[in-house]
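Peer 1: Please find input.csv (CSV, C-alpha atoms) on the next line:
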chain,number,residue,atom,x,y,z
V,18,MET,CA,-20.7,2.2,-3.1
V,19,LEU,CA,-20.4,1.0,-6.7
V,20,THR,CA,-17.8,-1.6,-7.8
V,21,ARG,CA,-17.2,-4.0,-10.5
V,22,SER,CA,-17.0,-7.1,-8.3
V,23,LEU,CA,-16.1,-8.2,-4.8
V,24,GLU,CA,-13.0,-10.1,-5.5
V,25,SER,CA,-10.2,-9.7,-3.0
V,26,GLY,CA,-8.2,-7.0,-4.8
V,27,GLY,CA,-6.9,-3.8,-3.2
V,28,ALA,CA,-9.8,-1.6,-4.1
V,29,GLU,CA,-12.4,-4.2,-3.1
V,30,VAL,CA,-10.7,-4.9,0.2
V,31,GLN,CA,-10.8,-1.2,1.0
V,32,LEU,CA,-14.4,-0.9,0.0
V,33,ALA,CA,-15.3,-3.8,2.3
V,34,SER,CA,-13.3,-2.3,5.2
V,35,LEU,CA,-15.0,1.1,4.8
V,36,ALA,CA,-18.5,-0.4,4.3
V,37,THR,CA,-18.3,-2.4,7.5
V,38,GLY,CA,-16.4,0.2,9.5
V,39,LEU,CA,-18.7,3.3,9.1
V,40,PRO,CA,-20.9,3.9,12.1
V,41,ARG,CA,-24.2,2.3,11.5
V,42,ASP,CA,-26.1,5.0,13.5
V,43,ARG,CA,-25.0,7.6,10.9
V,44,PHE,CA,-24.5,5.7,7.7
V,45,GLU,CA,-26.6,3.3,5.8
V,46,VAL,CA,-24.4,1.5,3.2
V,47,THR,CA,-25.5,-0.4,0.1
V,48,VAL,CA,-22.9,-2.0,-2.2
V,49,LEU,CA,-23.8,-2.3,-5.8
V,50,CYS,CA,-21.6,-4.7,-7.8
V,51,PHE,CA,-21.6,-5.4,-11.5
V,52,TYR,CA,-21.0,-9.1,-11.1
V,53,GLU,CA,-22.1,-11.4,-8.2
V,54,ILE,CA,-18.7,-12.9,-7.7
V,55,GLY,CA,-15.8,-12.5,-5.2
V,56,SER,CA,-14.6,-13.8,-1.9
V,57,LEU,CA,-15.8,-10.6,-0.2
V,58,LEU,CA,-19.5,-11.0,-1.1
V,59,ASP,CA,-20.5,-13.3,1.7
V,60,PRO,CA,-18.5,-11.5,4.5
V,61,LEU,CA,-20.2,-8.2,3.6
V,62,ARG,CA,-23.6,-9.8,3.7
V,63,ASP,CA,-22.7,-11.6,6.9
V,64,ALA,CA,-21.7,-8.2,8.4
V,65,GLY,CA,-25.2,-6.8,7.6
V,66,ILE,CA,-24.2,-4.8,4.6
V,67,ARG,CA,-26.8,-4.8,1.8
V,68,VAL,CA,-25.2,-6.0,-1.4
V,69,ILE,CA,-27.1,-5.8,-4.7
V,70,ALA,CA,-25.6,-7.7,-7.6
V,71,LEU,CA,-26.6,-6.0,-10.9
V,72,LYS,CA,-25.8,-9.3,-12.8
V,73,LYS,CA,-24.0,-7.9,-15.8
V,74,ARG,CA,-23.9,-10.5,-18.5
V,75,GLY,CA,-20.5,-9.6,-19.9
V,76,ARG,CA,-18.4,-6.8,-21.3
V,77,TRP,CA,-20.9,-5.8,-24.0
V,78,ASP,CA,-24.0,-6.0,-21.9
V,79,ILE,CA,-24.2,-2.2,-21.7
V,80,LEU,CA,-27.6,-0.7,-22.3
V,81,ARG,CA,-29.6,-3.3,-20.3
V,82,PHE,CA,-27.1,-3.2,-17.5
V,83,PHE,CA,-27.1,0.6,-17.3
V,84,ILE,CA,-30.9,0.7,-17.2
V,85,ASN,CA,-30.8,-1.8,-14.4
V,86,LEU,CA,-28.2,0.3,-12.5
V,87,LEU,CA,-30.4,3.4,-12.9
V,88,ARG,CA,-33.5,1.5,-11.7
V,89,GLN,CA,-31.6,0.5,-8.6
V,90,LEU,CA,-30.2,3.9,-7.9
V,91,ARG,CA,-33.5,5.7,-8.4
V,92,ARG,CA,-35.1,3.2,-6.0
V,93,LEU,CA,-32.4,3.7,-3.4
V,94,GLN,CA,-32.1,7.5,-3.8
V,95,PRO,CA,-28.6,7.6,-2.2
V,96,ASP,CA,-27.2,10.8,-0.8
V,97,VAL,CA,-23.8,9.8,-2.0
V,98,ILE,CA,-22.5,7.4,-4.6
V,99,HIS,CA,-18.8,6.4,-4.0
V,100,ALA,CA,-17.5,4.7,-7.1
V,101,PHE,CA,-14.4,2.6,-7.1
V,102,LEU,CA,-12.1,2.4,-10.2
V,103,GLY,CA,-12.6,3.5,-13.8
V,104,PRO,CA,-15.8,1.8,-15.1
V,105,PRO,CA,-17.8,2.5,-11.9
V,106,ASN,CA,-16.5,6.1,-12.0
V,107,VAL,CA,-17.8,6.5,-15.6
V,108,LEU,CA,-21.2,5.0,-14.9
V,109,ALA,CA,-21.7,7.1,-11.8
V,110,ALA,CA,-21.0,10.2,-13.8
V,111,LEU,CA,-23.4,9.1,-16.5
V,112,ALA,CA,-26.1,8.4,-13.9
V,113,LYS,CA,-25.8,11.8,-12.4
V,114,PRO,CA,-28.4,13.6,-14.6
V,115,PHE,CA,-31.0,11.1,-13.4
V,116,LEU,CA,-30.2,11.6,-9.7
V,117,PRO,CA,-30.2,15.3,-9.1
V,118,GLY,CA,-30.0,15.0,-5.3
V,119,THR,CA,-27.1,12.6,-5.3
V,120,ARG,CA,-23.4,13.6,-4.8
V,121,ILE,CA,-20.9,11.6,-6.9
V,122,ILE,CA,-17.5,10.7,-5.5
V,123,TRP,CA,-14.9,9.0,-7.7
V,124,GLY,CA,-12.2,6.7,-6.4
V,125,ILE,CA,-8.8,6.8,-8.1
V,126,ARG,CA,-6.8,3.7,-7.1
V,127,ALA,CA,-3.8,3.7,-9.5
V,128,SER,CA,-1.2,6.0,-10.8
V,129,ALA,CA,0.6,6.1,-14.2
V,130,MET,CA,-0.6,2.9,-16.0
V,131,ASP,CA,1.3,1.6,-19.0
V,132,LEU,CA,-1.8,0.8,-21.1
V,133,GLU,CA,0.2,-0.9,-23.8
V,134,HIS,CA,0.0,-4.1,-21.7
V,135,TYR,CA,-3.8,-4.1,-21.7
V,136,ASP,CA,-6.7,-4.1,-24.2
V,137,ALA,CA,-8.4,-1.1,-25.7
V,138,THR,CA,-11.1,-0.9,-23.1
V,139,ARG,CA,-8.6,0.4,-20.5
V,140,ARG,CA,-7.7,3.2,-22.9
V,141,LEU,CA,-11.3,4.0,-23.7
V,142,THR,CA,-12.2,4.1,-20.0
V,143,LEU,CA,-9.4,6.5,-19.2
V,144,MET,CA,-10.5,8.8,-22.0
V,145,ALA,CA,-14.0,8.7,-20.7
V,146,GLU,CA,-12.8,9.5,-17.2
V,147,ARG,CA,-10.8,12.5,-18.4
V,148,TRP,CA,-13.9,13.9,-20.2
V,149,LEU,CA,-16.4,13.1,-17.4
V,150,SER,CA,-14.2,14.1,-14.4
V,151,ARG,CA,-15.7,17.6,-14.4
V,152,TYR,CA,-19.1,16.0,-13.5
V,153,ALA,CA,-17.9,14.4,-10.3
V,154,ASP,CA,-18.6,16.2,-7.1
V,155,PHE,CA,-15.4,15.0,-5.4
V,156,ILE,CA,-12.5,12.8,-6.4
V,157,VAL,CA,-10.6,10.7,-3.8
V,158,ALA,CA,-7.2,9.3,-4.8
V,159,ASN,CA,-5.7,6.7,-2.5
V,160,SER,CA,-2.2,7.9,-3.3
V,161,VAL,CA,-0.3,11.1,-3.8
V,162,ALA,CA,1.0,9.6,-7.1
V,163,GLY,CA,-2.5,8.8,-8.3
V,164,ARG,CA,-3.7,12.3,-7.5
V,165,ASP,CA,-0.7,13.9,-9.3
V,166,HIS,CA,-1.2,11.6,-12.3
V,167,VAL,CA,-4.9,12.4,-12.9
V,168,ARG,CA,-4.2,16.1,-12.2
V,169,GLY,CA,-1.7,16.0,-15.0
V,170,HIS,CA,-4.4,14.6,-17.3
V,171,GLY,CA,-6.9,17.3,-16.7
V,172,PHE,CA,-8.9,16.2,-13.7
V,173,PRO,CA,-10.1,19.3,-11.9
V,174,ASP,CA,-7.7,20.1,-9.1
V,175,ARG,CA,-10.4,21.7,-7.0
V,176,LEU,CA,-12.1,18.3,-6.7
V,177,LEU,CA,-9.0,16.2,-5.8
V,178,THR,CA,-7.9,15.0,-2.4
V,179,VAL,CA,-5.8,12.1,-1.1
V,180,VAL,CA,-7.1,9.6,1.5
V,181,SER,CA,-4.6,6.7,1.9
V,182,ASN,CA,-5.8,3.2,2.3
V,183,GLY,CA,-6.5,2.0,5.9
V,184,ILE,CA,-5.0,-1.2,7.1
V,185,ASP,CA,-7.0,-3.3,9.6
V,186,THR,CA,-3.9,-3.9,11.8
V,187,ALA,CA,-5.8,-6.1,14.2
V,188,ARG,CA,-5.8,-8.8,11.4
V,189,PHE,CA,-2.0,-8.8,11.1
V,190,GLY,CA,0.7,-9.6,13.6
V,191,ARG,CA,3.4,-12.1,14.5
V,192,ASP,CA,2.2,-15.7,14.8
V,193,GLU,CA,5.1,-18.2,15.3
V,194,THR,CA,2.8,-21.2,15.0
V,195,ALA,CA,1.6,-20.0,11.6
V,196,ARG,CA,5.2,-19.2,10.5
V,197,VAL,CA,6.3,-22.7,11.3
V,198,ALA,CA,3.3,-24.3,9.7
V,199,VAL,CA,3.4,-22.4,6.4
V,200,ARG,CA,7.1,-22.8,6.0
V,201,ASN,CA,6.9,-26.5,6.7
V,202,ASP,CA,4.1,-26.7,4.1
V,203,TRP,CA,6.3,-25.0,1.6
V,204,GLY,CA,9.4,-26.9,2.5
V,205,VAL,CA,11.3,-23.9,3.7
V,206,ALA,CA,14.0,-24.6,6.2
V,207,PRO,CA,14.1,-22.5,9.5
V,208,ALA,CA,17.5,-21.0,8.5
V,209,ASP,CA,16.4,-20.0,5.0
V,210,CYS,CA,15.6,-16.4,4.3
V,211,LEU,CA,12.3,-16.3,2.5
V,212,ILE,CA,11.5,-13.4,0.2
V,213,GLY,CA,8.0,-13.0,-1.0
V,214,LEU,CA,6.1,-11.0,-3.6
V,215,VAL,CA,2.3,-10.6,-2.9
V,216,GLY,CA,0.4,-9.7,-6.0
V,217,ARG,CA,-1.6,-11.1,-8.9
V,218,LEU,CA,0.2,-12.1,-12.0
V,219,ASP,CA,-0.2,-8.8,-13.8
V,220,PRO,CA,2.3,-6.9,-16.0
V,221,LYS,CA,2.4,-4.0,-13.5
V,222,LYS,CA,3.6,-6.3,-10.7
V,223,ASP,CA,6.6,-7.2,-12.8
V,224,HIS,CA,7.3,-10.7,-11.7
V,225,GLU,CA,10.0,-10.9,-14.4
V,226,THR,CA,12.2,-8.4,-12.6
V,227,PHE,CA,11.6,-10.2,-9.3
V,228,LEU,CA,12.7,-13.5,-10.9
V,229,ARG,CA,15.8,-11.9,-12.4
V,230,ALA,CA,16.7,-10.3,-9.0
V,231,ALA,CA,16.2,-13.7,-7.4
V,232,ALA,CA,18.7,-15.3,-9.8
V,233,LEU,CA,21.3,-12.6,-8.9
V,234,LEU,CA,20.8,-13.2,-5.2
V,235,LEU,CA,21.3,-16.9,-5.5
V,236,LYS,CA,24.7,-16.4,-7.0
V,237,THR,CA,25.9,-15.1,-3.7
V,238,ASN,CA,23.5,-16.7,-1.2
V,239,GLY,CA,22.3,-20.2,-1.4
V,240,ALA,CA,20.2,-20.0,1.7
V,241,VAL,CA,17.5,-17.8,0.2
V,242,ARG,CA,14.1,-18.9,-1.0
V,243,PHE,CA,11.4,-17.1,-2.9
V,244,VAL,CA,7.6,-17.2,-3.1
V,245,CYS,CA,5.0,-15.6,-5.3
V,246,ILE,CA,1.6,-15.3,-3.7
V,247,GLY,CA,-1.3,-14.2,-5.8
V,248,SER,CA,-3.9,-15.3,-8.3
V,249,ASP,CA,-3.5,-15.7,-12.0
V,250,GLY,CA,-4.0,-12.5,-13.9
V,251,LEU,CA,-3.0,-11.0,-17.2
V,252,SER,CA,0.6,-12.1,-17.2
V,253,ASP,CA,1.5,-15.3,-19.1
V,254,GLN,CA,2.0,-17.8,-16.3
V,255,GLU,CA,3.7,-20.3,-18.5
V,256,LYS,CA,6.2,-17.8,-19.7
V,257,LEU,CA,7.0,-16.8,-16.1
V,258,HIS,CA,7.5,-20.4,-15.1
V,259,ALA,CA,9.7,-21.0,-18.1
V,260,LEU,CA,11.7,-17.9,-17.2
V,261,ALA,CA,12.2,-19.2,-13.7
V,262,ILE,CA,13.6,-22.5,-15.1
V,263,LYS,CA,15.8,-20.7,-17.5
V,264,LEU,CA,17.3,-18.4,-14.8
V,265,GLY,CA,17.9,-21.4,-12.5
V,266,VAL,CA,15.6,-20.2,-9.7
V,267,ALA,CA,12.7,-22.7,-10.1
V,268,ASP,CA,14.1,-25.1,-7.4
V,269,HIS,CA,14.2,-22.2,-5.0
V,270,LEU,CA,10.8,-20.7,-5.9
V,271,ILE,CA,7.3,-21.4,-4.7
V,272,TRP,CA,4.2,-20.5,-6.8
V,273,ALA,CA,1.7,-20.2,-3.9
V,274,GLY,CA,-1.3,-19.0,-5.9
V,275,HIS,CA,-4.2,-17.1,-4.3
V,276,ARG,CA,-4.4,-17.4,-0.6
V,277,THR,CA,-7.4,-16.4,1.6
V,278,ASP,CA,-5.3,-16.6,4.8
V,279,LEU,CA,-2.8,-13.8,4.0
V,280,PRO,CA,-2.5,-12.6,7.6
V,281,LEU,CA,-1.2,-16.1,8.5
V,282,VAL,CA,0.9,-16.6,5.3
V,283,LEU,CA,2.8,-13.3,5.7
V,284,ASN,CA,4.3,-14.7,8.9
V,285,ALA,CA,6.3,-17.1,6.8
V,286,LEU,CA,8.2,-14.3,5.1
V,287,ASP,CA,11.4,-12.7,6.2
V,288,ILE,CA,11.3,-10.0,3.5
V,289,HIS,CA,8.4,-8.7,1.3
V,290,CYS,CA,9.4,-7.4,-2.1
V,291,SER,CA,7.2,-5.2,-4.3
V,292,ALA,CA,8.8,-5.2,-7.8
V,293,SER,CA,6.0,-3.2,-9.5
V,294,ALA,CA,7.0,-1.5,-12.8
V,295,PHE,CA,4.1,1.0,-13.0
V,296,GLY,CA,0.5,1.8,-12.0
V,297,GLU,CA,0.6,1.3,-8.3
V,298,GLY,CA,-1.4,3.7,-6.1
V,299,PHE,CA,-1.3,2.7,-2.5
V,300,SER,CA,0.0,-0.8,-2.3
V,301,ASN,CA,-2.0,-2.9,0.2
V,302,ALA,CA,0.6,-5.7,0.0
V,303,VAL,CA,3.4,-3.3,1.1
V,304,ALA,CA,1.4,-1.9,4.0
V,305,GLU,CA,-0.1,-5.2,5.1
V,306,SER,CA,3.2,-7.0,5.2
V,307,MET,CA,4.6,-4.1,7.2
V,308,ALA,CA,1.7,-4.4,9.6
V,309,ALA,CA,2.7,-8.0,10.0
V,310,GLY,CA,6.2,-7.0,11.0
V,311,ILE,CA,7.8,-7.8,7.7
V,312,PRO,CA,10.4,-5.3,6.3
V,313,ASN,CA,10.0,-4.3,2.7
V,314,VAL,CA,12.0,-3.8,-0.5
V,315,VAL,CA,10.0,-1.7,-2.9
V,316,THR,CA,10.4,-0.1,-6.3
V,317,ASP,CA,9.8,3.6,-6.5
V,318,VAL,CA,6.3,3.3,-8.1
V,319,GLY,CA,3.1,4.9,-6.8
V,320,ASP,CA,3.3,5.6,-3.1
V,321,SER,CA,5.4,2.6,-2.1
V,322,ALA,CA,8.4,4.7,-1.1
V,323,ARG,CA,6.0,7.0,0.9
V,324,ILE,CA,4.6,4.0,2.7
V,325,VAL,CA,7.9,2.5,3.8
V,326,GLY,CA,9.5,5.8,4.6
V,327,ASP,CA,13.0,5.2,6.0
V,328,LEU,CA,12.1,1.7,7.2
V,329,GLY,CA,12.6,-0.1,3.9
V,330,LYS,CA,14.8,-0.3,0.9
V,331,ILE,CA,13.9,1.4,-2.4
V,332,ALA,CA,15.0,0.5,-5.9
V,333,PRO,CA,14.2,1.9,-9.3
V,334,PRO,CA,11.6,-0.1,-11.3
V,335,GLY,CA,12.7,-2.5,-13.9
V,336,ASP,CA,16.2,-2.9,-12.4
V,337,PRO,CA,16.9,-6.5,-11.2
V,338,ALA,CA,20.4,-5.7,-10.0
V,339,ALA,CA,19.2,-2.8,-7.8
V,340,LEU,CA,16.4,-4.9,-6.5
V,341,ALA,CA,18.8,-7.7,-5.6
V,342,ARG,CA,21.2,-5.3,-3.9
V,343,ALA,CA,18.3,-3.9,-1.8
V,344,CYS,CA,17.2,-7.4,-0.8
V,345,GLY,CA,20.8,-8.3,0.1
V,346,GLU,CA,21.0,-5.3,2.5
V,347,LEU,CA,18.0,-6.7,4.4
V,348,ILE,CA,19.4,-10.2,4.3
V,349,ALA,CA,22.6,-8.9,5.8
V,350,LEU,CA,20.7,-7.6,8.8
V,351,GLY,CA,20.1,-11.1,10.0
V,352,GLU,CA,17.0,-12.4,11.6
V,353,SER,CA,17.2,-10.3,14.8
V,354,GLY,CA,17.9,-7.1,12.8
V,355,ARG,CA,14.9,-7.8,10.5
V,356,ARG,CA,12.6,-8.4,13.4
V,357,ALA,CA,13.6,-5.2,15.1
V,358,LEU,CA,13.0,-3.3,11.9
V,359,GLY,CA,9.7,-5.2,11.4
V,360,ASP,CA,8.5,-4.0,14.8
V,361,ARG,CA,9.1,-0.4,13.7
V,362,CYS,CA,7.3,-1.1,10.4
V,363,ALA,CA,4.2,-2.3,12.2
V,364,ALA,CA,4.2,0.7,14.5
V,365,ARG,CA,4.4,3.0,11.4
V,366,ILE,CA,1.4,1.4,9.7
V,367,GLU,CA,-0.6,1.7,13.0
V,368,ALA,CA,0.3,5.3,13.4
V,369,GLU,CA,0.0,6.5,9.7
V,370,PHE,CA,-2.2,4.1,7.7
V,371,SER,CA,-4.7,2.5,10.1
V,372,ARG,CA,-8.3,1.6,9.3
V,373,PRO,CA,-9.8,4.0,11.9
V,374,LYS,CA,-8.0,6.8,10.2
V,375,LEU,CA,-9.4,5.9,6.8
V,376,ILE,CA,-13.0,5.6,8.2
V,377,LYS,CA,-12.7,9.0,10.0
V,378,GLN,CA,-11.5,10.8,6.9
V,379,MET,CA,-14.1,9.2,4.6
V,380,ALA,CA,-16.9,9.8,7.0
V,381,LYS,CA,-16.1,13.5,7.1
V,382,ILE,CA,-16.0,13.6,3.3
V,383,TYR,CA,-19.4,11.9,3.1
V,384,ARG,CA,-20.9,14.3,5.6
V,385,ASP,CA,-19.4,17.3,3.9
V,386,GLN,CA,-20.8,16.3,0.5
V,387,VAL,CA,-24.3,15.8,1.9
V,388,GLU,CA,-24.1,19.2,3.7
V,389,SER,CA,-22.9,20.9,0.5
V,390,LYS,CA,-25.9,19.8,-1.5
V,391,PRO,CA,-28.1,22.6,-2.9
V,392,SER,CA,-31.2,23.0,-0.8
Rewrite the coordinates I just gave you, this time as structure tokens.
Peer 2:
Amino acid sequence: MLTRSLESGGAEVQLASLATGLPRDRFEVTVLCFYEIGSLLDPLRDAGIRVIALKKRGRWDILRFFINLLRQLRRLQPDVIHAFLGPPNVLAALAKPFLPGTRIIWGIRASAMDLEHYDATRRLTLMAERWLSRYADFIVANSVAGRDHVRGHGFPDRLLTVVSNGIDTARFGRDETARVAVRNDWGVAPADCLIGLVGRLDPKKDHETFLRAAALLLKTNGAVRFVCIGSDGLSDQEKLHALAIKLGVADHLIWAGHRTDLPLVLNALDIHCSASAFGEGFSNAVAESMAAGIPNVVTDVGDSARIVGDLGKIAPPGDPAALARACGELIALGESGRRALGDRCAARIEAEFSRPKLIKQMAKIYRDQVESKPS
């Protein structure tokens, strides 16, 4: 498995879940990461997974890094390389001529990205993926939206399939002690309805629309609080904080930052809101909050509407008024109504998007790829 780092993003969490879940009697897993950073590094090693850090020195450390990658791959002689996200996909394809017995699987984790919000390297990576996609042996998208997007950009349809993320539902569930403790820590009253957005500060998560929807909700309901949970990212944090003050929501808003105890923190929420504007594939935040029994309001981006089905509220992206109305409908259910809906949400994730289902599907793909190698 080839990845940029082992930070706790959606792709990395799925990599770790898959690496530790594959049967050890049939699969020997090595994780190669560009950078020796990330909160998932030690847990993987503690679980007995071999992790090799390639120690890339920066964005422009290209030739030395690629030679080191080839050296490690030629030493390992893997049957399969499963790459996660754009740069690993490109490098796996470029390494293929040097590894004639290895099957290359690409991982597609996003859908239609608005690249105007990012630097030129994102655009160059996408161009390289389009050109090199024919050299992959198989391409696994974690969302229907992601598959359809790359199909429209020339990725070979015969190589494409969808395997949704798998949620480790055993990690999530109701914990009243955690709910009280986290809400007390944040100063949220028991009677307040707490609406949370889980996601790093990135343009695609569209915290601005979330804040504008919060301001609209506060006009009609004073007993509602908001929390943003996630690490700093590419969005301008100071501008978001200034916007919260300008909109009059700052006193009702908690900036919780990155949390490593998300299964406990989710218990504090009454509603989870995904306000994403573009680029989502399969949102772990949506599925994990549902697994924790939290009903969702989502924008119709990526596979979020597919994940919630008829158990959540769906709004168009970039529309604060629609997002506020959808949240208001869940607020109107009351605590007991939301809990009953949350129970159905948890059951849906267990039935449709569980970790065992992910592992079973990917194990079959790995076996099929090995069996299809030329003799």
Peer 1: For Val161 (chain V), which residue out of V:Ser300, V:Ser22, V:Asn238, V:Asn201 is the nearest one, using only C-alpha atoms?
Peer 2: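 Counting only C-alpha atoms, the residue closest to Val161 (chain V) is V:Ser300.
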Peer 1: State, in Å with one decimal place, the distance from CA of Arg91 (chain V) to CA of Arg21 (chain V).
Peer 2: 19.1 Å
Peer 1: With only C-alpha atoms counted, which protein, DNA or RNA residues have an atom no more than 6 Å from (12.6, -3.1, -1.4) in the file frame? Please answer as a PyMOL selection string.
Peer 2: chain V and resi 290+313-315+330-331+343
Peer 1: Measure the distance from CA of Lys113 (chain V) to CA of Leu132 (chain V) in Å and round it to one decimal.
Peer 2: 27.8 Å
Peer 1: Taking only C-alpha atoms into account, which of V:His258, V:Arg76, V:Arg120, V:Arg126 comes nearest Glu29 (chain V)?
Peer 2: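 Counting only C-alpha atoms, the residue closest to Glu29 (chain V) is V:Arg126.
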Peer 1: Using only C-alpha atoms, which of the listed residues (V:Ala187, V:Cys245, V:Leu214, V:Ala231) sits closest to Val266 (chain V)?
Peer 2: V:Ala231
Peer 1: Figure out the distance between CA of Lys222 (chain V) and CA of Leu286 (chain V), please, to one decimal in Å.
Peer 2: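 Between CA of Leu286 (chain V) and CA of Lys222 (chain V) the gap is 18.3 Å.
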Peer 1: Mind filling out region 37-52 of chain V with N, CA and C atoms and sending it as a PDB file, in the coordinates of the input?
Peer 2:
ATOM      1  N   THR V  37     -17.961  -1.798   6.207  1.00  0.00           N
ATOM      2  CA  THR V  37     -18.300  -2.400   7.500  1.00  0.00           C
ATOM      3  C   THR V  37     -17.815  -1.564   8.676  1.00  0.00           C
ATOM      4  N   GLY V  38     -16.963  -0.572   8.420  1.00  0.00           N
ATOM      5  CA  GLY V  38     -16.400   0.200   9.500  1.00  0.00           C
ATOM      6  C   GLY V  38     -17.157   1.515   9.795  1.00  0.00           C
ATOM      7  N   LEU V  39     -17.932   2.007   8.830  1.00  0.00           N
ATOM      8  CA  LEU V  39     -18.700   3.300   9.100  1.00  0.00           C
ATOM      9  C   LEU V  39     -19.704   3.070  10.158  1.00  0.00           C
ATOM     10  N   PRO V  40     -19.886   4.072  11.032  1.00  0.00           N
ATOM     11  CA  PRO V  40     -20.900   3.900  12.100  1.00  0.00           C
ATOM     12  C   PRO V  40     -22.275   3.702  11.593  1.00  0.00           C
ATOM     13  N   ARG V  41     -22.922   2.626  12.058  1.00  0.00           N
ATOM     14  CA  ARG V  41     -24.200   2.300  11.500  1.00  0.00           C
ATOM     15  C   ARG V  41     -25.330   3.249  11.959  1.00  0.00           C
ATOM     16  N   ASP V  42     -25.073   4.015  13.036  1.00  0.00           N
ATOM     17  CA  ASP V  42     -26.100   5.000  13.500  1.00  0.00           C
ATOM     18  C   ASP V  42     -26.104   6.229  12.621  1.00  0.00           C
ATOM     19  N   ARG V  43     -25.094   6.389  11.755  1.00  0.00           N
ATOM     20  CA  ARG V  43     -25.000   7.600  10.900  1.00  0.00           C
ATOM     21  C   ARG V  43     -24.958   7.296   9.422  1.00  0.00           C
ATOM     22  N   PHE V  44     -24.618   6.052   9.069  1.00  0.00           N
ATOM     23  CA  PHE V  44     -24.500   5.700   7.700  1.00  0.00           C
ATOM     24  C   PHE V  44     -25.183   4.416   7.345  1.00  0.00           C
ATOM     25  N   GLU V  45     -25.970   4.476   6.293  1.00  0.00           N
ATOM     26  CA  GLU V  45     -26.600   3.300   5.800  1.00  0.00           C
ATOM     27  C   GLU V  45     -25.928   2.955   4.433  1.00  0.00           C
ATOM     28  N   VAL V  46     -25.249   1.836   4.372  1.00  0.00           N
ATOM     29  CA  VAL V  46     -24.400   1.500   3.200  1.00  0.00           C
ATOM     30  C   VAL V  46     -25.060   0.413   2.381  1.00  0.00           C
ATOM     31  N   THR V  47     -25.106   0.653   1.073  1.00  0.00           N
ATOM     32  CA  THR V  47     -25.500  -0.400   0.100  1.00  0.00           C
ATOM     33  C   THR V  47     -24.334  -0.515  -0.891  1.00  0.00           C
ATOM     34  N   VAL V  48     -23.942  -1.730  -1.181  1.00  0.00           N
ATOM     35  CA  VAL V  48     -22.900  -2.000  -2.200  1.00  0.00           C
ATOM     36  C   VAL V  48     -23.569  -2.533  -3.430  1.00  0.00           C
ATOM     37  N   LEU V  49     -23.358  -1.848  -4.543  1.00  0.00           N
ATOM     38  CA  LEU V  49     -23.800  -2.300  -5.800  1.00  0.00           C
ATOM     39  C   LEU V  49     -22.608  -2.863  -6.598  1.00  0.00           C
ATOM     40  N   CYS V  50     -22.680  -4.101  -7.074  1.00  0.00           N
ATOM     41  CA  CYS V  50     -21.600  -4.700  -7.800  1.00  0.00           C
ATOM     42  C   CYS V  50     -22.072  -5.180  -9.171  1.00  0.00           C
ATOM     43  N   PHE V  51     -21.235  -5.001 -10.185  1.00  0.00           N
ATOM     44  CA  PHE V  51     -21.600  -5.400 -11.500  1.00  0.00           C
ATOM     45  C   PHE V  51     -21.889  -6.910 -11.588  1.00  0.00           C
ATOM     46  N   TYR V  52     -20.968  -7.683 -10.983  1.00  0.00           N
ATOM     47  CA  TYR V  52     -21.000  -9.100 -11.100  1.00  0.00           C
ATOM     48  C   TYR V  52     -21.141  -9.733  -9.663  1.00  0.00           C
TER      49      TYR V  52
END
